[in-house]
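S.K.: I'd like to ask you about the structure that follows.
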Amino acid sequence: MTSEQLSIKMSLNPETCERKEDRDVPKDCSAKRQRTDPKVPPTLPAGPSRYDGPFPFYRRPSEMGRFSLDGQRCYHGDARKLRYYAPPPIEGPSPGFDLRDGYHDRYVRRDESIREGLEHLLRWVSQNRKLLQSEDKGRPLNADFITWRGHLTKVLTTPYETQEGWLLAVSLFRGTLYISEVETEAARKQREERSELLKELTYMGYKFEQYMCADTPDGTPDPTGVVNTNEGFCTVIRTRLGTHSLLFSGEVDCTDPRSPWPDPPSCYVELKTSKVMHSPAQRRSFYRHKMIKWWAQSFLPGVSRIVAGYRGPDGTIVGLETFETMKIFQLIREDPGCWKPAVCMNFCAAFLAFVKKVVTEDNSKLVHLFAWEPGQPVSFTVHRDSSYTFLPDWYVDALSTEKPPTPRIPD
């Protein structure tokens with residue numbers, strides 16, 4: 001038994017706001033998958049009622065590493081793009097941040113038509129293989145799944161999603177399942193035909209971050225600079241959902257140098273903007289439809305706080321509100337028509353189990369494409385040596401060598 005299995009593990013349950021010890025995490029008996037189980041069902045139901053049960057075991061997320069993306073979208077295995085939470089004084093008038101400022105003359109947009117896949121995350125994995133070593137010689141990485149946090153967020157919110165479907169490509173390579181999103185035709189059309197208003201609203205979210213973040217722990221924000229959406233700081237998280245060990249990465253807005261929880265990922269803060277609300281009905285709709293994605297995005301990596309900036313009709317921030325991620329369920333539990341965190345997590349666990357049963361051939365060129373549309377079950381198709389192949393040759397070659405490189409420990 002490894003030291004990891006012997007150690008006390010903490011599980012998170014937002015419905016009770018408790019962290020509880022778990023000394024006996026069930027072993028995943030499906031690590032060595034040889035052939036497809038003939039009893040595997042062709043689809044996975046996604047209706048919320050099927051997953052309305054107790055909250056599943058979810059181990060407290062731990063940060064394994066971090067990396068940065070610069071203004072040209074180049075990878076750096078360090079924290080150079082980490083920003084520091086620097087909110088305005090609590091006392092006094094509303095911040096009045098002008099979120100439209102700089103939209104026409106100080107804005108560098110990332111080219112969203114370039115599909116990066118798992119490229120940046122795989123660079124971190126390749127450089128830090130020693131941190132992830134498995135005792136199984138045929139399985140160099142001790143992780144059942146490797147993916148982006150955003151892909152898991154989409155899975156979590158699926159039982160309650162009514163507008164947008166998704167496509168997730170999965171390949172099994174040397175004992176680990178990799179999940180990479182494929183842009184749906186509807187998403188591509190929406191991106192290419194995005195209205196000027198939606199483009200400006202997207203910019204406002206990034207501009208809000210500029211008003212709330214400094215480059216140093218004791219610094220002050222500089223809203224006169226350029227907003228460059230190529231830049232980013234990412235955390236790499238390790239956790240476990242039920243029997244599924246997960247390694248995923250997600251972008252982080254900032255860290256709070258004065259946080260009561262000083263260690264990452266608890267010290268990280270997620271920054272969001274939303275239209276100002278004027279009635280209980282508007283707030284109820286906000287909790288039902290927007291808060292579920294905010295919660296899922298922050299709960300998965302263990303980000304403790306979400307700070308919302310409420311936007312007025314003229315594009316200025318008229319108020320701020322802080323939400324503690326572990327207490328969000330208390331805001332919605334009295335609404336019988338609202339979403340439930342347990343349903344989201346139970347469905348995610350079921351989806352991961354479904355993927356394990358379906359994808360059994362270890363082949364980096366073989367892709368199972370899982371598809372879902374609102375009101376439908378999850379289905380899959382199989383593609384061999386196709387355009388859906390997403391694991392790059394350089395990564396396959398790197399993990400095929402016996403001796404991993406010395407890991408780069410971020411600053």
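A note on labels: chains of the structure tokens are A, B, ... as shown, every chain counts residues from 1, and ligands are counted from 1 in their shown order.
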With stretch 101-106 of chain A as the partner and 10 Å as the cut-off, tabulate the residues of stretch 179-203 of chain A that qualify, each row holding the nearest pair of atoms and their distance in Å to one decimal, using only C-alpha atoms, sorted by chain and rising number, as CSV.

M.R.:
```
residue,atom,partner,partner_atom,distance
A:Lys199,CA,A:Tyr103,CA,9.7
A:Glu200,CA,A:Tyr103,CA,7.3
A:Tyr203,CA,A:Tyr103,CA,6.9
```

S.K.: Mind checking which residues fall within 8 Å of stretch 293-302 of chain A, counting only C-alpha atoms, ignoring those fewer than 3 positions away in the same chain, and posting them as a list in words?

M.R.: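 The residues satisfying every condition are Arg60, Pro61, Ser62, Arg149, Gly150, Thr153, Leu156, Thr157, Ile237, Gly250, Pro265, Ser266, Glu270, His289, Lys290, Arg305, Ile306, Thr325, Met326 and Ile328 of chain A.
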
S.K.: Would you write out those residues with N, CA, C and O atoms, as a PDB file, in the first residue's frame?

M.R.:
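After the write, part-v2.pdb holds the following:
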```pdb
ATOM      1  N   ARG A  60     -10.311  16.427  -1.314  1.00  0.00           N
ATOM      2  CA  ARG A  60      -9.916  17.827  -1.320  1.00  0.00           C
ATOM      3  C   ARG A  60      -8.834  18.046  -2.380  1.00  0.00           C
ATOM      4  O   ARG A  60      -7.778  17.423  -2.343  1.00  0.00           O
ATOM      5  N   PRO A  61      -9.067  18.948  -3.351  1.00  0.00           N
ATOM      6  CA  PRO A  61      -8.101  19.149  -4.436  1.00  0.00           C
ATOM      7  C   PRO A  61      -6.755  19.656  -3.920  1.00  0.00           C
ATOM      8  O   PRO A  61      -6.694  20.485  -3.007  1.00  0.00           O
ATOM      9  N   SER A  62      -5.686  19.153  -4.512  1.00  0.00           N
ATOM     10  CA  SER A  62      -4.342  19.622  -4.160  1.00  0.00           C
ATOM     11  C   SER A  62      -3.645  20.108  -5.425  1.00  0.00           C
ATOM     12  O   SER A  62      -3.802  19.520  -6.500  1.00  0.00           O
ATOM     13  N   ARG A 149     -10.048  21.629 -16.721  1.00  0.00           N
ATOM     14  CA  ARG A 149     -11.145  21.877 -15.784  1.00  0.00           C
ATOM     15  C   ARG A 149     -12.429  22.267 -16.526  1.00  0.00           C
ATOM     16  O   ARG A 149     -13.528  21.862 -16.140  1.00  0.00           O
ATOM     17  N   GLY A 150     -12.307  23.055 -17.595  1.00  0.00           N
ATOM     18  CA  GLY A 150     -13.481  23.492 -18.338  1.00  0.00           C
ATOM     19  C   GLY A 150     -14.278  22.351 -18.933  1.00  0.00           C
ATOM     20  O   GLY A 150     -15.508  22.421 -19.033  1.00  0.00           O
ATOM     21  N   THR A 153     -16.257  20.899 -16.130  1.00  0.00           N
ATOM     22  CA  THR A 153     -17.345  21.819 -15.789  1.00  0.00           C
ATOM     23  C   THR A 153     -18.558  21.566 -16.683  1.00  0.00           C
ATOM     24  O   THR A 153     -19.707  21.549 -16.216  1.00  0.00           O
ATOM     25  N   LEU A 156     -20.269  18.409 -15.466  1.00  0.00           N
ATOM     26  CA  LEU A 156     -20.989  18.636 -14.218  1.00  0.00           C
ATOM     27  C   LEU A 156     -22.347  19.287 -14.435  1.00  0.00           C
ATOM     28  O   LEU A 156     -23.337  18.920 -13.795  1.00  0.00           O
ATOM     29  N   THR A 157     -22.397  20.275 -15.309  1.00  0.00           N
ATOM     30  CA  THR A 157     -23.629  21.049 -15.489  1.00  0.00           C
ATOM     31  C   THR A 157     -24.604  20.416 -16.486  1.00  0.00           C
ATOM     32  O   THR A 157     -25.711  20.915 -16.673  1.00  0.00           O
ATOM     33  N   ILE A 237      -4.216  20.546 -10.928  1.00  0.00           N
ATOM     34  CA  ILE A 237      -4.885  19.996  -9.742  1.00  0.00           C
ATOM     35  C   ILE A 237      -4.970  18.476  -9.801  1.00  0.00           C
ATOM     36  O   ILE A 237      -5.229  17.889 -10.859  1.00  0.00           O
ATOM     37  N   GLY A 250      -6.693  24.344 -14.901  1.00  0.00           N
ATOM     38  CA  GLY A 250      -7.641  25.409 -15.191  1.00  0.00           C
ATOM     39  C   GLY A 250      -6.992  26.757 -14.969  1.00  0.00           C
ATOM     40  O   GLY A 250      -6.071  26.898 -14.159  1.00  0.00           O
ATOM     41  N   PRO A 265      -4.961  25.415  -3.599  1.00  0.00           N
ATOM     42  CA  PRO A 265      -5.758  26.342  -4.406  1.00  0.00           C
ATOM     43  C   PRO A 265      -6.744  27.196  -3.614  1.00  0.00           C
ATOM     44  O   PRO A 265      -7.449  27.998  -4.208  1.00  0.00           O
ATOM     45  N   SER A 266      -6.802  27.034  -2.272  1.00  0.00           N
ATOM     46  CA  SER A 266      -7.803  27.771  -1.487  1.00  0.00           C
ATOM     47  C   SER A 266      -7.629  29.284  -1.555  1.00  0.00           C
ATOM     48  O   SER A 266      -8.595  30.036  -1.412  1.00  0.00           O
ATOM     49  N   GLU A 270     -11.817  33.673  -7.948  1.00  0.00           N
ATOM     50  CA  GLU A 270     -12.413  33.733  -9.281  1.00  0.00           C
ATOM     51  C   GLU A 270     -13.186  35.042  -9.419  1.00  0.00           C
ATOM     52  O   GLU A 270     -13.959  35.413  -8.525  1.00  0.00           O
ATOM     53  N   HIS A 289     -29.485  29.725 -13.205  1.00  0.00           N
ATOM     54  CA  HIS A 289     -28.883  29.528 -14.522  1.00  0.00           C
ATOM     55  C   HIS A 289     -27.413  29.918 -14.616  1.00  0.00           C
ATOM     56  O   HIS A 289     -26.669  29.313 -15.391  1.00  0.00           O
ATOM     57  N   LYS A 290     -26.987  30.913 -13.870  1.00  0.00           N
ATOM     58  CA  LYS A 290     -25.600  31.354 -13.975  1.00  0.00           C
ATOM     59  C   LYS A 290     -24.739  30.797 -12.842  1.00  0.00           C
ATOM     60  O   LYS A 290     -23.597  30.395 -13.061  1.00  0.00           O
ATOM     61  N   ARG A 305     -13.316  31.320  -3.213  1.00  0.00           N
ATOM     62  CA  ARG A 305     -14.181  32.493  -3.318  1.00  0.00           C
ATOM     63  C   ARG A 305     -14.407  32.932  -4.760  1.00  0.00           C
ATOM     64  O   ARG A 305     -13.519  32.819  -5.602  1.00  0.00           O
ATOM     65  N   ILE A 306     -15.602  33.452  -4.977  1.00  0.00           N
ATOM     66  CA  ILE A 306     -15.964  34.064  -6.255  1.00  0.00           C
ATOM     67  C   ILE A 306     -16.377  35.495  -5.953  1.00  0.00           C
ATOM     68  O   ILE A 306     -17.229  35.735  -5.092  1.00  0.00           O
ATOM     69  N   THR A 325     -17.480  29.579  -2.147  1.00  0.00           N
ATOM     70  CA  THR A 325     -17.866  28.451  -2.993  1.00  0.00           C
ATOM     71  C   THR A 325     -18.585  27.357  -2.204  1.00  0.00           C
ATOM     72  O   THR A 325     -19.602  26.820  -2.660  1.00  0.00           O
ATOM     73  N   MET A 326     -18.092  27.053  -1.016  1.00  0.00           N
ATOM     74  CA  MET A 326     -18.682  25.972  -0.226  1.00  0.00           C
ATOM     75  C   MET A 326     -20.022  26.336   0.398  1.00  0.00           C
ATOM     76  O   MET A 326     -20.706  25.474   0.951  1.00  0.00           O
ATOM     77  N   ILE A 328     -22.397  28.201  -1.425  1.00  0.00           N
ATOM     78  CA  ILE A 328     -23.342  28.543  -2.495  1.00  0.00           C
ATOM     79  C   ILE A 328     -24.604  27.693  -2.409  1.00  0.00           C
ATOM     80  O   ILE A 328     -25.718  28.182  -2.668  1.00  0.00           O
TER      81      ILE A 328
END
```

S.K.: Which neighbours of A:Tyr211 fall inside 10 Å, counting only C-alpha atoms, when residues of the same chain fewer than 5 positions from it are skipped, and could you give them as a list of chain:residue names?

M.R.: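 Result of the neighbour search: A:Tyr85, A:Ala86, A:Pro87, A:Pro88, A:Pro95, A:Phe97, A:Asp98, A:Leu99, A:Tyr206, A:Thr220, A:Pro221, A:Asp222, A:Pro223, A:Thr224.
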
S.K.: Could you tell me how far atom CA of A:Ile179 sits from atom CA of A:His368, in Å to one decimal place?

M.R.: 9.7 Å

S.K.: Find the distance between atom CA of A:Arg110 and atom CA of A:Thr273 and write it in Å to one decimal.

M.R.: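 Distance between the two atoms: 19.8 Å.
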
S.K.: Kindly give the distance, in Å, that separates atom CA of A:Ser274 and atom CA of A:Leu197, rounded to a single decimal.

M.R.: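 It comes out at 14.2 Å.
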
S.K.: Among the residues of stretch 22-229 of chain A, find those DSSP assigns to strand (DSSP E or B) from the backbone and print them as number ranges by chain.

M.R.: A: 22, 44, 58-59, 62-69, 75-76, 84-85, 98, 107-108, 133, 141, 145-148, 166-173, 176-182, 213-214, 227-228

S.K.: For stretch 277-286 of chain A, please output as a list of chain:residue names all residues within 10 Å (counting only C-alpha atoms; exclusion window: fewer than 3 positions along the same chain).

M.R.: A:Ser274, A:His289, A:Lys290, A:Met291, A:Ile292, A:Tyr310, A:Arg311, A:Gly312, A:Leu331, A:Ile332, A:Asp335, A:Cys338

S.K.: Show me, as number ranges by chain, the residues that have an atom within 6 Å of stretch 158-166 of chain A when counting only C-alpha atoms, minus same-chain residues fewer than 6 positions from it.

M.R.: A: 46-48, 371-374

S.K.: Using only C-alpha atoms, which residues sit within 9 Å of stretch 352-367 of chain A once same-chain residues fewer than 2 positions away are excluded, as a PyMOL selection string?

M.R.: chain A and resi 30-37+40-44+144-145+169-177+243-244+347-350+369-370+380-386+388-392+396

S.K.: Go through stretch 60-167 of chain A and collect every residue that DSSP, computed from the backbone, puts in helix (DSSP H, G or I); the answer should be as a list in words.

M.R.: Glu119, His120, Leu121, Leu122, Arg123, Trp124, Val125, Ser126, Gln127, Arg129, Lys130, Leu131, Leu132, Arg149, Gly150, His151, Leu152, Thr153, Lys154, Val155, Leu156, Thr157, Thr158, Pro159 and Tyr160 of chain A

S.K.: My list of candidates is A:Arg80, A:Ser259, A:Tyr75, A:Ala187. Which is closest to A:Glu119 when distances are computed with only C-alpha atoms?

M.R.: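 The answer is A:Tyr75, which sits nearest to A:Glu119.
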